[in-house]
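Enquirer: One structure follows; several queries about it will come next.
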Amino acid sequence: MLSLLHMTDSASFSERHGYHGTDVEITTREDAPEEVRAAVLMLGYAAGMGPGGMRDTICEVLLKRPDPNNWSPGNIENEVHRLIDDAPWYKVYDIAERIHAEIARDDYTGTKQAEYARRLTQFFREHGIGWQMEEGRIVFRGSEAFTLATRDAVATMQQAGSPTAANEVHEALKDISRRPSADVTGAIQHAMAALECVAREIDGSTDTLGQIIKRLTIPQPLDGALHRLWGFASEQGRHIQEGREPSFEEAELVVTVASAVSVYLLRHAARAGSR
């Protein structure tokens with residue numbers, strides 16, 4: 001009870017009253033703007049890391065030798081700023097993950113890591129950064145529709161006893177989260193594989209998704225749109241030969257739609273089976 005009161009009393013005004021900035025449209029993925037670099041450091045310092053520990057952590061990630069001429073806290077802190085300012089964008093997110101891991105060393109309350117992750121993710125949301133921290137790892141953050149569709153898809157597939165389909169969605173999320181470059185083709189293929197697994201289970205056949213679509217309980221003209229999505233995804237599997245790689249936004253759209261349709265099919269089948 002005392003610890004809860006202490007946490008409540010020590011929270012900021014906005015945290016005590018539940019105020020926070022609204023989610024900004026995602027505009028940044030393959031970059032780490034100046035404000036992101038500053039937030040990664042400031043939140044690390046707020047969690048109790050000192051300049052020396054911060055420098056050691058960053059140097060380890062960047063494989064750089066600390067400047068032996070810097071020994072005072074002020075000079076070390078300046079060195080830390082220079083290191084992160086000069087780091088490649090994707091290394092900044094590596095540094096954020098390493099800081100999260102290092103925080104645990106002196107986290108006697110067991111709350112500092114979670115607070116670091118929460119505040120960093122909230123910062124990303126308020127500044128249009130397409131990443132978030134989950135379980136100490138920086139992972140892809142999509143639009144609200146993407147988040148809802150993929151989350152519901154995995155949960156629904158698991159409940160329906162479709163672990164293969166759920167695993168395909170997990171693989172799609174891993175591919176679209178890859179750094180420094182997302183595997184957009186892999187994300188599309190895994191998302192459509194998940195949908196095909198669901199369709200085959202419902203249809204009771206081993207036909208391809210393109211053959212099954214006309215037999216599914218999808219009203220017109222949505223069935224035609226799904227057939228076009230399947231055709232698009234099939235073409236992207238040959239993007240090297242075709243000379244066109246799908247964009248990140250196209251991959252996000254396919255994963256979102258495939259996940260949402262999978263949820264629809266499974267829930268419709270469950271309702272039909274309960275009658």
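Ligands are numbered from 1 in the order shown, chains are lettered A, B, ... in the order of the structure tokens, and residues start at 1 in each chain.
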Within 10 Å of region 129-138 of chain A, counting only C-alpha atoms, which residues qualify if same-chain residues fewer than 4 places away don't, as a PDB file with C-alpha atoms, in the first residue's frame?
Expert:
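Wrote result-v6.pdb, looks like this:
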ATOM      1  CA  ASP A  23      -1.249   9.812 -31.085  1.00  0.00           C
ATOM      2  CA  VAL A  24       0.270  11.579 -34.076  1.00  0.00           C
ATOM      3  CA  GLU A  25       0.108  10.067 -37.551  1.00  0.00           C
ATOM      4  CA  ILE A  26       3.199   7.958 -38.174  1.00  0.00           C
ATOM      5  CA  THR A  27       5.704   9.879 -40.286  1.00  0.00           C
ATOM      6  CA  THR A  28       9.039   8.411 -39.189  1.00  0.00           C
ATOM      7  CA  ARG A  29      10.322   4.847 -39.420  1.00  0.00           C
ATOM      8  CA  GLU A  30      13.800   4.575 -40.908  1.00  0.00           C
ATOM      9  CA  ASP A  31      15.214   7.538 -39.037  1.00  0.00           C
ATOM     10  CA  ALA A  32      15.993   8.696 -35.523  1.00  0.00           C
ATOM     11  CA  PRO A  33      15.413  12.461 -35.372  1.00  0.00           C
ATOM     12  CA  VAL A  36      14.299  10.725 -30.415  1.00  0.00           C
ATOM     13  CA  TYR A  93      17.150   2.078 -31.283  1.00  0.00           C
ATOM     14  CA  ASP A  94      19.793  -0.540 -30.423  1.00  0.00           C
ATOM     15  CA  ALA A  96      17.487   2.256 -26.392  1.00  0.00           C
ATOM     16  CA  GLU A  97      17.194  -1.523 -26.054  1.00  0.00           C
ATOM     17  CA  ARG A  98      20.575  -1.765 -24.320  1.00  0.00           C
ATOM     18  CA  ILE A  99      19.709   1.063 -21.916  1.00  0.00           C
ATOM     19  CA  HIS A 100      16.511  -0.784 -21.017  1.00  0.00           C
ATOM     20  CA  ALA A 101      18.561  -3.897 -20.232  1.00  0.00           C
ATOM     21  CA  GLN A 113      12.415  -0.830 -16.886  1.00  0.00           C
ATOM     22  CA  ALA A 114       8.649  -0.780 -17.355  1.00  0.00           C
ATOM     23  CA  TYR A 116      11.350   3.508 -19.349  1.00  0.00           C
ATOM     24  CA  ALA A 117       9.509   1.421 -21.943  1.00  0.00           C
ATOM     25  CA  ARG A 118       6.173   3.094 -21.224  1.00  0.00           C
ATOM     26  CA  ARG A 119       7.487   6.634 -21.478  1.00  0.00           C
ATOM     27  CA  LEU A 120       9.568   5.914 -24.574  1.00  0.00           C
ATOM     28  CA  THR A 121       6.606   4.318 -26.368  1.00  0.00           C
ATOM     29  CA  GLN A 122       4.381   7.223 -25.363  1.00  0.00           C
ATOM     30  CA  PHE A 123       6.985   9.618 -26.757  1.00  0.00           C
ATOM     31  CA  PHE A 124       7.025   7.680 -30.030  1.00  0.00           C
ATOM     32  CA  ARG A 125       3.230   7.882 -30.243  1.00  0.00           C
ATOM     33  CA  GLY A 142       1.590   0.351 -37.207  1.00  0.00           C
ATOM     34  CA  SER A 143      -1.535   2.404 -37.593  1.00  0.00           C
ATOM     35  CA  SER A 177       9.655  -5.015 -37.960  1.00  0.00           C
ATOM     36  CA  ARG A 178      13.099  -5.903 -39.311  1.00  0.00           C
ATOM     37  CA  ARG A 179      15.839  -3.264 -39.040  1.00  0.00           C
TER      38      ARG A 179
END
Enquirer: Please return as a VMD selection string: the residues of region 117-208 of chain A that backbone DSSP assigns to helix (DSSP H, G or I).
Expert: chain A and resid 117 to 126 144 to 159 163 to 176 184 to 203
Enquirer: So the first atom is CA of Thr22 (chain A) and the second is CA of Ala46 (chain A); what is the distance between them in Å, to one decimal place?
Expert: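 About the pair CA of Thr22 (chain A) and CA of Ala46 (chain A): they are 23.0 Å apart.
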Enquirer: Show which residues sit within 8 Å of Ala199 (chain A), as a PyMOL selection string. Count only C-alpha atoms, and ignore same-chain residues fewer than 5 positions away.
Expert: chain A and resi 209+212-213+216+262+265
Enquirer: Go through A:Met42, A:Ala172, A:Ala165, A:Ala225 one by one, measure the shortest atom-to-atom distance of each to His81 (chain A) using only C-alpha atoms, and give the residue with the smallest value.
Expert: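 Of A:Met42, A:Ala172, A:Ala165, A:Ala225, the one nearest His81 (chain A), counting only C-alpha atoms, is A:Met42.
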Enquirer: So what do you get for CA of Ala269 (chain A) versus CA of Phe146 (chain A), distance-wise?
Expert: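 We find that CA of Ala269 (chain A) and CA of Phe146 (chain A) lie 22.8 Å from each other.
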Enquirer: Run DSSP on the backbone and grab whatever in region 113-165 of chain A lands in strand (DSSP E or B); send it over as a ChimeraX atom specification.
Expert: /A:129,131-134,137-140
Enquirer: Atoms to include: all heavy atoms. Write the selected residues as a PDB file, in the first residue's frame.
Expert:
ATOM      1  N   ILE A 129       6.474   8.444 -34.410  1.00  0.00           N
ATOM      2  CA  ILE A 129       7.542   7.483 -34.644  1.00  0.00           C
ATOM      3  C   ILE A 129       6.930   6.089 -34.770  1.00  0.00           C
ATOM      4  O   ILE A 129       6.199   5.648 -33.885  1.00  0.00           O
ATOM      5  CB  ILE A 129       8.582   7.501 -33.507  1.00  0.00           C
ATOM      6  CG1 ILE A 129       9.056   8.931 -33.227  1.00  0.00           C
ATOM      7  CG2 ILE A 129       9.748   6.586 -33.848  1.00  0.00           C
ATOM      8  CD1 ILE A 129       9.725   9.609 -34.401  1.00  0.00           C
ATOM      9  N   TRP A 131       7.632   3.079 -34.156  1.00  0.00           N
ATOM     10  CA  TRP A 131       8.207   2.007 -33.357  1.00  0.00           C
ATOM     11  C   TRP A 131       7.636   2.069 -31.953  1.00  0.00           C
ATOM     12  O   TRP A 131       7.080   3.090 -31.535  1.00  0.00           O
ATOM     13  CB  TRP A 131       9.737   2.113 -33.301  1.00  0.00           C
ATOM     14  CG  TRP A 131      10.393   2.115 -34.639  1.00  0.00           C
ATOM     15  CD1 TRP A 131      10.854   3.195 -35.323  1.00  0.00           C
ATOM     16  CD2 TRP A 131      10.643   0.978 -35.479  1.00  0.00           C
ATOM     17  NE1 TRP A 131      11.376   2.809 -36.535  1.00  0.00           N
ATOM     18  CE2 TRP A 131      11.264   1.462 -36.661  1.00  0.00           C
ATOM     19  CE3 TRP A 131      10.410  -0.392 -35.356  1.00  0.00           C
ATOM     20  CZ2 TRP A 131      11.644   0.625 -37.699  1.00  0.00           C
ATOM     21  CZ3 TRP A 131      10.791  -1.230 -36.390  1.00  0.00           C
ATOM     22  CH2 TRP A 131      11.401  -0.722 -37.544  1.00  0.00           C
ATOM     23  N   GLN A 132       7.761   0.990 -31.211  1.00  0.00           N
ATOM     24  CA  GLN A 132       7.369   0.950 -29.813  1.00  0.00           C
ATOM     25  C   GLN A 132       8.236  -0.073 -29.098  1.00  0.00           C
ATOM     26  O   GLN A 132       8.872  -0.913 -29.738  1.00  0.00           O
ATOM     27  CB  GLN A 132       5.898   0.600 -29.661  1.00  0.00           C
ATOM     28  CG  GLN A 132       5.523  -0.775 -30.205  1.00  0.00           C
ATOM     29  CD  GLN A 132       4.025  -1.005 -30.189  1.00  0.00           C
ATOM     30  OE1 GLN A 132       3.255  -0.203 -29.665  1.00  0.00           O
ATOM     31  NE2 GLN A 132       3.584  -2.113 -30.777  1.00  0.00           N
ATOM     32  N   MET A 133       8.283   0.023 -27.785  1.00  0.00           N
ATOM     33  CA  MET A 133       9.091  -0.920 -27.019  1.00  0.00           C
ATOM     34  C   MET A 133       8.178  -1.939 -26.352  1.00  0.00           C
ATOM     35  O   MET A 133       7.241  -1.586 -25.624  1.00  0.00           O
ATOM     36  CB  MET A 133       9.941  -0.199 -25.971  1.00  0.00           C
ATOM     37  CG  MET A 133      10.780  -1.132 -25.113  1.00  0.00           C
ATOM     38  SD  MET A 133      12.064  -0.297 -24.134  1.00  0.00           S
ATOM     39  CE  MET A 133      13.400  -0.233 -25.348  1.00  0.00           C
ATOM     40  N   GLU A 134       8.463  -3.215 -26.615  1.00  0.00           N
ATOM     41  CA  GLU A 134       7.730  -4.317 -25.995  1.00  0.00           C
ATOM     42  C   GLU A 134       8.734  -5.325 -25.461  1.00  0.00           C
ATOM     43  O   GLU A 134       9.586  -5.814 -26.211  1.00  0.00           O
ATOM     44  CB  GLU A 134       6.800  -5.002 -27.005  1.00  0.00           C
ATOM     45  CG  GLU A 134       5.625  -4.155 -27.446  1.00  0.00           C
ATOM     46  CD  GLU A 134       4.703  -4.900 -28.398  1.00  0.00           C
ATOM     47  OE1 GLU A 134       5.049  -6.050 -28.766  1.00  0.00           O
ATOM     48  OE2 GLU A 134       3.658  -4.350 -28.782  1.00  0.00           O
ATOM     49  N   ARG A 137      12.335  -4.729 -26.313  1.00  0.00           N
ATOM     50  CA  ARG A 137      12.742  -4.685 -27.716  1.00  0.00           C
ATOM     51  C   ARG A 137      11.952  -3.617 -28.466  1.00  0.00           C
ATOM     52  O   ARG A 137      10.758  -3.434 -28.215  1.00  0.00           O
ATOM     53  CB  ARG A 137      12.525  -6.041 -28.391  1.00  0.00           C
ATOM     54  CG  ARG A 137      13.313  -7.181 -27.779  1.00  0.00           C
ATOM     55  CD  ARG A 137      13.067  -8.470 -28.535  1.00  0.00           C
ATOM     56  NE  ARG A 137      13.523  -8.361 -29.912  1.00  0.00           N
ATOM     57  CZ  ARG A 137      13.206  -9.242 -30.871  1.00  0.00           C
ATOM     58  NH1 ARG A 137      12.419 -10.263 -30.588  1.00  0.00           N
ATOM     59  NH2 ARG A 137      13.662  -9.087 -32.101  1.00  0.00           N
ATOM     60  N   ILE A 138      12.636  -2.915 -29.367  1.00  0.00           N
ATOM     61  CA  ILE A 138      11.965  -1.952 -30.221  1.00  0.00           C
ATOM     62  C   ILE A 138      11.351  -2.720 -31.385  1.00  0.00           C
ATOM     63  O   ILE A 138      12.056  -3.382 -32.151  1.00  0.00           O
ATOM     64  CB  ILE A 138      12.945  -0.892 -30.753  1.00  0.00           C
ATOM     65  CG1 ILE A 138      13.598  -0.121 -29.594  1.00  0.00           C
ATOM     66  CG2 ILE A 138      12.237   0.066 -31.703  1.00  0.00           C
ATOM     67  CD1 ILE A 138      12.653   0.751 -28.809  1.00  0.00           C
ATOM     68  N   VAL A 139      10.034  -2.648 -31.500  1.00  0.00           N
ATOM     69  CA  VAL A 139       9.328  -3.390 -32.539  1.00  0.00           C
ATOM     70  C   VAL A 139       8.454  -2.442 -33.343  1.00  0.00           C
ATOM     71  O   VAL A 139       8.181  -1.308 -32.953  1.00  0.00           O
ATOM     72  CB  VAL A 139       8.455  -4.515 -31.935  1.00  0.00           C
ATOM     73  CG1 VAL A 139       9.316  -5.519 -31.193  1.00  0.00           C
ATOM     74  CG2 VAL A 139       7.390  -3.939 -30.993  1.00  0.00           C
ATOM     75  N   PHE A 140       8.017  -2.935 -34.481  1.00  0.00           N
ATOM     76  CA  PHE A 140       7.191  -2.152 -35.393  1.00  0.00           C
ATOM     77  C   PHE A 140       5.903  -1.692 -34.722  1.00  0.00           C
ATOM     78  O   PHE A 140       5.267  -2.436 -33.987  1.00  0.00           O
ATOM     79  CB  PHE A 140       6.865  -3.009 -36.626  1.00  0.00           C
ATOM     80  CG  PHE A 140       5.832  -2.438 -37.536  1.00  0.00           C
ATOM     81  CD1 PHE A 140       6.175  -1.498 -38.489  1.00  0.00           C
ATOM     82  CD2 PHE A 140       4.513  -2.856 -37.442  1.00  0.00           C
ATOM     83  CE1 PHE A 140       5.219  -0.984 -39.339  1.00  0.00           C
ATOM     84  CE2 PHE A 140       3.552  -2.343 -38.300  1.00  0.00           C
ATOM     85  CZ  PHE A 140       3.901  -1.400 -39.250  1.00  0.00           C
TER      86      PHE A 140
END
Enquirer: With only C-alpha atoms as the atoms that count, which of A:Pro68, A:Asp107, A:Arg82, A:Glu102 lies nearest to Gly53 (chain A)?
Expert: A:Glu102
Enquirer: Neighbouring residues of Leu222 (chain A) were defined as those with any atom within 12 Å, considering only C-alpha atoms; residues of the same chain fewer than 6 positions away were excluded. Please report them as a PDB file with all heavy atoms, in the first residue's frame.
Expert:
ATOM      1  N   ILE A 213     -11.725 -18.558 -52.409  1.00  0.00           N
ATOM      2  CA  ILE A 213     -12.415 -17.294 -52.134  1.00  0.00           C
ATOM      3  C   ILE A 213     -13.879 -17.332 -52.539  1.00  0.00           C
ATOM      4  O   ILE A 213     -14.758 -16.891 -51.791  1.00  0.00           O
ATOM      5  CB  ILE A 213     -11.697 -16.125 -52.847  1.00  0.00           C
ATOM      6  CG1 ILE A 213     -10.355 -15.834 -52.157  1.00  0.00           C
ATOM      7  CG2 ILE A 213     -12.567 -14.865 -52.853  1.00  0.00           C
ATOM      8  CD1 ILE A 213      -9.507 -14.787 -52.856  1.00  0.00           C
ATOM      9  N   LYS A 214     -14.164 -17.877 -53.711  1.00  0.00           N
ATOM     10  CA  LYS A 214     -15.554 -17.886 -54.208  1.00  0.00           C
ATOM     11  C   LYS A 214     -16.467 -18.761 -53.363  1.00  0.00           C
ATOM     12  O   LYS A 214     -17.695 -18.644 -53.453  1.00  0.00           O
ATOM     13  CB  LYS A 214     -15.596 -18.337 -55.663  1.00  0.00           C
ATOM     14  CG  LYS A 214     -15.047 -19.725 -55.930  1.00  0.00           C
ATOM     15  CD  LYS A 214     -15.124 -20.071 -57.410  1.00  0.00           C
ATOM     16  CE  LYS A 214     -14.523 -21.447 -57.720  1.00  0.00           C
ATOM     17  NZ  LYS A 214     -13.069 -21.477 -57.500  1.00  0.00           N
ATOM     18  N   LEU A 216     -16.172 -18.916 -49.964  1.00  0.00           N
ATOM     19  CA  LEU A 216     -16.209 -18.369 -48.612  1.00  0.00           C
ATOM     20  C   LEU A 216     -17.441 -17.493 -48.411  1.00  0.00           C
ATOM     21  O   LEU A 216     -18.055 -17.043 -49.376  1.00  0.00           O
ATOM     22  CB  LEU A 216     -14.944 -17.552 -48.338  1.00  0.00           C
ATOM     23  CG  LEU A 216     -13.618 -18.327 -48.329  1.00  0.00           C
ATOM     24  CD1 LEU A 216     -12.447 -17.368 -48.185  1.00  0.00           C
ATOM     25  CD2 LEU A 216     -13.607 -19.368 -47.217  1.00  0.00           C
ATOM     26  N   ARG A 228      -8.577  -9.761 -55.665  1.00  0.00           N
ATOM     27  CA  ARG A 228      -7.556  -8.850 -56.183  1.00  0.00           C
ATOM     28  C   ARG A 228      -6.386  -8.730 -55.205  1.00  0.00           C
ATOM     29  O   ARG A 228      -5.230  -8.622 -55.619  1.00  0.00           O
ATOM     30  CB  ARG A 228      -8.167  -7.486 -56.458  1.00  0.00           C
ATOM     31  CG  ARG A 228      -9.127  -7.471 -57.643  1.00  0.00           C
ATOM     32  CD  ARG A 228      -9.647  -6.077 -57.931  1.00  0.00           C
ATOM     33  NE  ARG A 228     -10.506  -6.065 -59.112  1.00  0.00           N
ATOM     34  CZ  ARG A 228     -11.807  -6.290 -59.078  1.00  0.00           C
ATOM     35  NH1 ARG A 228     -12.407  -6.558 -57.911  1.00  0.00           N
ATOM     36  NH2 ARG A 228     -12.523  -6.261 -60.186  1.00  0.00           N
ATOM     37  N   LEU A 229      -6.689  -8.739 -53.907  1.00  0.00           N
ATOM     38  CA  LEU A 229      -5.624  -8.690 -52.907  1.00  0.00           C
ATOM     39  C   LEU A 229      -4.742  -9.924 -53.015  1.00  0.00           C
ATOM     40  O   LEU A 229      -3.507  -9.834 -52.944  1.00  0.00           O
ATOM     41  CB  LEU A 229      -6.220  -8.609 -51.499  1.00  0.00           C
ATOM     42  CG  LEU A 229      -5.209  -8.532 -50.346  1.00  0.00           C
ATOM     43  CD1 LEU A 229      -4.522  -7.171 -50.338  1.00  0.00           C
ATOM     44  CD2 LEU A 229      -5.896  -8.774 -49.010  1.00  0.00           C
ATOM     45  N   VAL A 257      -5.355  -6.034 -43.840  1.00  0.00           N
ATOM     46  CA  VAL A 257      -6.562  -6.603 -44.455  1.00  0.00           C
ATOM     47  C   VAL A 257      -6.612  -8.117 -44.283  1.00  0.00           C
ATOM     48  O   VAL A 257      -7.660  -8.683 -43.944  1.00  0.00           O
ATOM     49  CB  VAL A 257      -6.622  -6.227 -45.945  1.00  0.00           C
ATOM     50  CG1 VAL A 257      -7.798  -6.938 -46.620  1.00  0.00           C
ATOM     51  CG2 VAL A 257      -6.758  -4.724 -46.113  1.00  0.00           C
ATOM     52  N   VAL A 261      -9.658  -9.978 -42.346  1.00  0.00           N
ATOM     53  CA  VAL A 261     -10.501 -10.970 -43.033  1.00  0.00           C
ATOM     54  C   VAL A 261     -10.422 -12.317 -42.319  1.00  0.00           C
ATOM     55  O   VAL A 261     -11.435 -13.021 -42.190  1.00  0.00           O
ATOM     56  CB  VAL A 261     -10.078 -11.107 -44.506  1.00  0.00           C
ATOM     57  CG1 VAL A 261     -10.820 -12.263 -45.175  1.00  0.00           C
ATOM     58  CG2 VAL A 261     -10.352  -9.808 -45.261  1.00  0.00           C
TER      59      VAL A 261
END
Enquirer: Rounded to one decimal in Å, what is the spacing between CA of His127 (chain A) and CA of Glu144 (chain A)?
Expert: 14.9 Å
Enquirer: Please provide the set of residues having any atom within 10 Å of Met157 (chain A), restricted to only C-alpha atoms, with same-chain residues fewer than 3 positions apart removed, written as a list in words.
Expert: Asp152, Ala153, Val154, Ala160, Gly161, Ser162, Pro163, Thr164, Ala165, Ala166, Asn167, Val169, Ala194, Val198, Ser259, Ser262, Val263, Leu266 and Arg267 of chain A
